[in-house]
Amino acid sequence: MTWTDFYLVCFLVGLILSAVSFLLGNAHLHFPHHGGAGHVHLGQGHVPGHGHGGSDQGSLSVFNFGTGAAFLAWFGGAGFLVTRYSTLWVWLGLGIAISSGLAGAAVVFWFVAKVLMASERDLDPADYDPIGALGRLSAVIRAGGTGEMIYSQQGSRRSCAARSEEGVAIPKGTEVVITRYEKGIAYVRRWDELAEQ
């Protein structure tokens, strides 16, 4: 096997692994490991807030599947071009290929860390707790009955079944506050009553 063949194989393997990384990362496929416990995410490192429990903003390692694949592709591509189309000394060509591979891996890592993960943040369960949310009734709550309320949380509009905390009737369109949330039902009080206290 010549150096040209070696670089070509590295390039092709890197290119295939990059495509696999891209496709599996976009499909969000997870494969079990250690007897089925846990997950391995084959995308560009672990994505914070991706539903795997607590995550860490700094969890993207420089050495991950995507940067490894990029290194191989750039290393192989540059090495192939240098050995095929120039008469440089073999070790100088290897140095150029390694430098090119590191540069390619750095570009991929920078793109993932600064562009794709820039807006990612850890999910805080308190941000999704409906207690204390202000909303408006979209259906009347009859005495001892259940109605419906609409409220905003984390930038999205939500609706849920609602009952009066005191068991009294509350007309449609009234502003209410969720005081407790049990079994999918929000127990509410009128906003004007709470504001007066």
# chains A, B, ... in the order shown; residues from 1 in each chain; ligands from 1

call {"tool": "residues_around", "arguments": {"residues": "A:Gly173", "least_positions_apart": "4", "cutoff": "7 Å", "atoms": "only C-alpha atoms", "output": "PyMOL selection string"}}
result
chain A and resi 136-138

call {"tool": "write_last_selection", "arguments": {"atoms": "C-alpha atoms", "output": "CSV table (one decimal), in the first residue's frame"}}
result
chain,number,residue,atom,x,y,z
A,136,ARG,CA,-57.7,33.2,31.2
A,137,LEU,CA,-60.7,30.8,31.3
A,138,SER,CA,-61.7,29.6,27.8

call {"tool": "residues_around", "arguments": {"residues": "A:Ile98", "least_positions_apart": "6", "cutoff": "9 Å", "atoms": "only C-alpha atoms", "output": "PyMOL selection string"}}
result
chain A and resi 71+74-76+78-79

call {"tool": "write_last_selection", "arguments": {"atoms": "all heavy atoms", "output": "tab-separated table (two decimals), in the first residue's frame"}}
result
chain	number	residue	atom	x	y	z
A	71	PHE	N	-11.59	14.97	11.02
A	71	PHE	CA	-10.13	14.86	10.98
A	71	PHE	C	-9.70	13.86	9.91
A	71	PHE	O	-8.82	14.15	9.09
A	71	PHE	CB	-9.57	14.46	12.34
A	71	PHE	CG	-8.09	14.17	12.29
A	71	PHE	CD1	-7.18	15.22	12.39
A	71	PHE	CD2	-7.62	12.89	12.12
A	71	PHE	CE1	-5.81	14.98	12.31
A	71	PHE	CE2	-6.25	12.63	12.04
A	71	PHE	CZ	-5.35	13.68	12.14
A	74	TRP	N	-10.36	15.26	6.27
A	74	TRP	CA	-9.44	16.33	5.87
A	74	TRP	C	-7.99	15.82	5.82
A	74	TRP	O	-7.24	16.20	4.92
A	74	TRP	CB	-9.55	17.52	6.82
A	74	TRP	CG	-10.80	18.31	6.64
A	74	TRP	CD1	-12.08	17.85	6.58
A	74	TRP	CD2	-10.88	19.72	6.49
A	74	TRP	NE1	-12.96	18.89	6.41
A	74	TRP	CE2	-12.24	20.05	6.36
A	74	TRP	CE3	-9.94	20.74	6.47
A	74	TRP	CZ2	-12.69	21.36	6.19
A	74	TRP	CZ3	-10.38	22.04	6.32
A	74	TRP	CH2	-11.74	22.34	6.17
A	75	PHE	N	-7.60	14.99	6.76
A	75	PHE	CA	-6.27	14.40	6.77
A	75	PHE	C	-6.05	13.58	5.50
A	75	PHE	O	-5.06	13.75	4.79
A	75	PHE	CB	-6.12	13.51	8.02
A	75	PHE	CG	-4.92	12.61	8.01
A	75	PHE	CD1	-3.66	13.11	8.34
A	75	PHE	CD2	-5.03	11.26	7.69
A	75	PHE	CE1	-2.55	12.26	8.34
A	75	PHE	CE2	-3.94	10.43	7.69
A	75	PHE	CZ	-2.69	10.93	8.01
A	76	GLY	N	-7.01	12.72	5.19
A	76	GLY	CA	-6.89	11.88	4.00
A	76	GLY	C	-6.93	12.67	2.71
A	76	GLY	O	-6.15	12.43	1.79
A	78	ALA	N	-6.17	15.95	2.20
A	78	ALA	CA	-4.95	16.75	2.01
A	78	ALA	C	-3.74	15.86	1.71
A	78	ALA	O	-2.93	16.17	0.82
A	78	ALA	CB	-4.68	17.60	3.26
A	79	GLY	N	-3.64	14.75	2.43
A	79	GLY	CA	-2.52	13.83	2.19
A	79	GLY	C	-2.55	13.26	0.80
A	79	GLY	O	-1.51	13.14	0.13

call {"tool": "select_by_dssp", "arguments": {"residues": "stretch 84-173 of chain A", "states": "helix (DSSP H, G or I)", "output": "ChimeraX atom specification"}}
result
/A:84-85,90-116,125-128

call {"tool": "write_last_selection", "arguments": {"atoms": "C-alpha atoms", "output": "short mmCIF file (atom, residue, chain, number, x, y, z; two decimals), in the first residue's frame"}}
result
data_model
loop_
_atom_site.label_atom_id
_atom_site.label_comp_id
_atom_site.auth_asym_id
_atom_site.auth_seq_id
_atom_site.Cartn_x
_atom_site.Cartn_y
_atom_site.Cartn_z
CA ARG A 84 -0.46 12.57 -5.70
CA TYR A 85 0.22 16.01 -7.18
CA VAL A 90 6.89 11.99 2.65
CA TRP A 91 7.25 13.32 6.22
CA LEU A 92 6.53 16.88 5.14
CA GLY A 93 3.40 15.62 3.35
CA LEU A 94 2.38 13.77 6.53
CA GLY A 95 2.83 16.98 8.54
CA ILE A 96 0.69 18.92 6.06
CA ALA A 97 -1.99 16.19 6.17
CA ILE A 98 -2.04 16.18 9.99
CA SER A 99 -2.25 19.98 10.09
CA SER A 100 -5.08 19.93 7.58
CA GLY A 101 -6.91 17.23 9.56
CA LEU A 102 -6.59 19.24 12.79
CA ALA A 103 -7.84 22.36 11.02
CA GLY A 104 -10.86 20.48 9.63
CA ALA A 105 -11.69 18.97 13.03
CA ALA A 106 -11.34 22.43 14.63
CA VAL A 107 -13.73 23.97 12.08
CA VAL A 108 -16.33 21.24 12.74
CA PHE A 109 -15.93 21.56 16.52
CA TRP A 110 -16.22 25.38 16.35
CA PHE A 111 -19.35 25.14 14.18
CA VAL A 112 -21.04 22.65 16.51
CA ALA A 113 -20.05 24.46 19.72
CA LYS A 114 -20.61 28.06 18.61
CA VAL A 115 -23.42 27.77 16.05
CA LEU A 116 -25.45 24.60 16.65
CA PRO A 125 -38.10 21.69 35.67
CA ALA A 126 -39.16 24.83 37.56
CA ASP A 127 -39.60 26.61 34.21
CA TYR A 128 -42.36 24.14 33.31
#

call {"tool": "closest_residue", "arguments": {"among": "A:Gly14, A:Ile178, A:Ile131, A:Val168", "to": "A:Met149", "atoms": "only C-alpha atoms"}}
result
A:Ile178

call {"tool": "residues_around", "arguments": {"residues": "A:Ala133", "least_positions_apart": "2", "cutoff": "9 Å", "atoms": "only C-alpha atoms", "output": "short mmCIF file (atom, residue, chain, number, x, y, z; two decimals) with C-alpha atoms, in the first residue's frame"}}
result
data_model
loop_
_atom_site.label_atom_id
_atom_site.label_comp_id
_atom_site.auth_asym_id
_atom_site.auth_seq_id
_atom_site.Cartn_x
_atom_site.Cartn_y
_atom_site.Cartn_z
CA ASP A 129 -44.17 24.07 36.65
CA PRO A 130 -47.64 25.52 35.98
CA ILE A 131 -48.21 26.64 39.59
CA GLY A 135 -54.20 32.58 32.43
CA TYR A 151 -52.02 30.30 29.66
CA SER A 152 -48.55 31.00 28.30
CA GLN A 153 -45.43 29.24 29.53
CA VAL A 176 -57.10 33.15 37.01
CA VAL A 177 -53.91 31.92 38.69
CA ILE A 178 -53.01 28.26 39.10
CA THR A 179 -52.57 27.52 42.82
#

call {"tool": "atom_distance", "arguments": {"atom1": "atom CA of A:Phe63", "atom2": "atom CA of A:Ser21"}}
result
13.7 Å

call {"tool": "atom_distance", "arguments": {"atom1": "atom CA of A:Leu15", "atom2": "atom CA of A:Ala70"}}
result
7.5 Å

call {"tool": "atom_distance", "arguments": {"atom1": "atom CA of A:Leu81", "atom2": "atom CA of A:Phe22"}}
result
24.9 Å

call {"tool": "closest_residue", "arguments": {"among": "A:Ile170, A:Tyr187, A:Glu196, A:Trp89", "to": "A:Ala139", "atoms": "only C-alpha atoms"}}
result
A:Ile170

call {"tool": "residues_around", "arguments": {"residues": "A:Ala162", "least_positions_apart": "6", "cutoff": "6 Å", "atoms": "only C-alpha atoms", "output": "list in words"}}
result
Thr146, Gly147, Glu148, Ile185, Ala186 and Tyr187 of chain A

call {"tool": "select_by_dssp", "arguments": {"residues": "stretch 53-168 of chain A", "states": "strand (DSSP E)", "output": "list in words"}}
result
Leu134, Gly135, Arg136, Leu137, Ser138, Ala139, Thr146, Gly147, Glu148, Met149, Ile150, Tyr151, Ser152, Gln153, Ser156, Arg157, Arg158, Ser159, Cys160, Ala161, Ala162, Arg163 and Ser164 of chain A
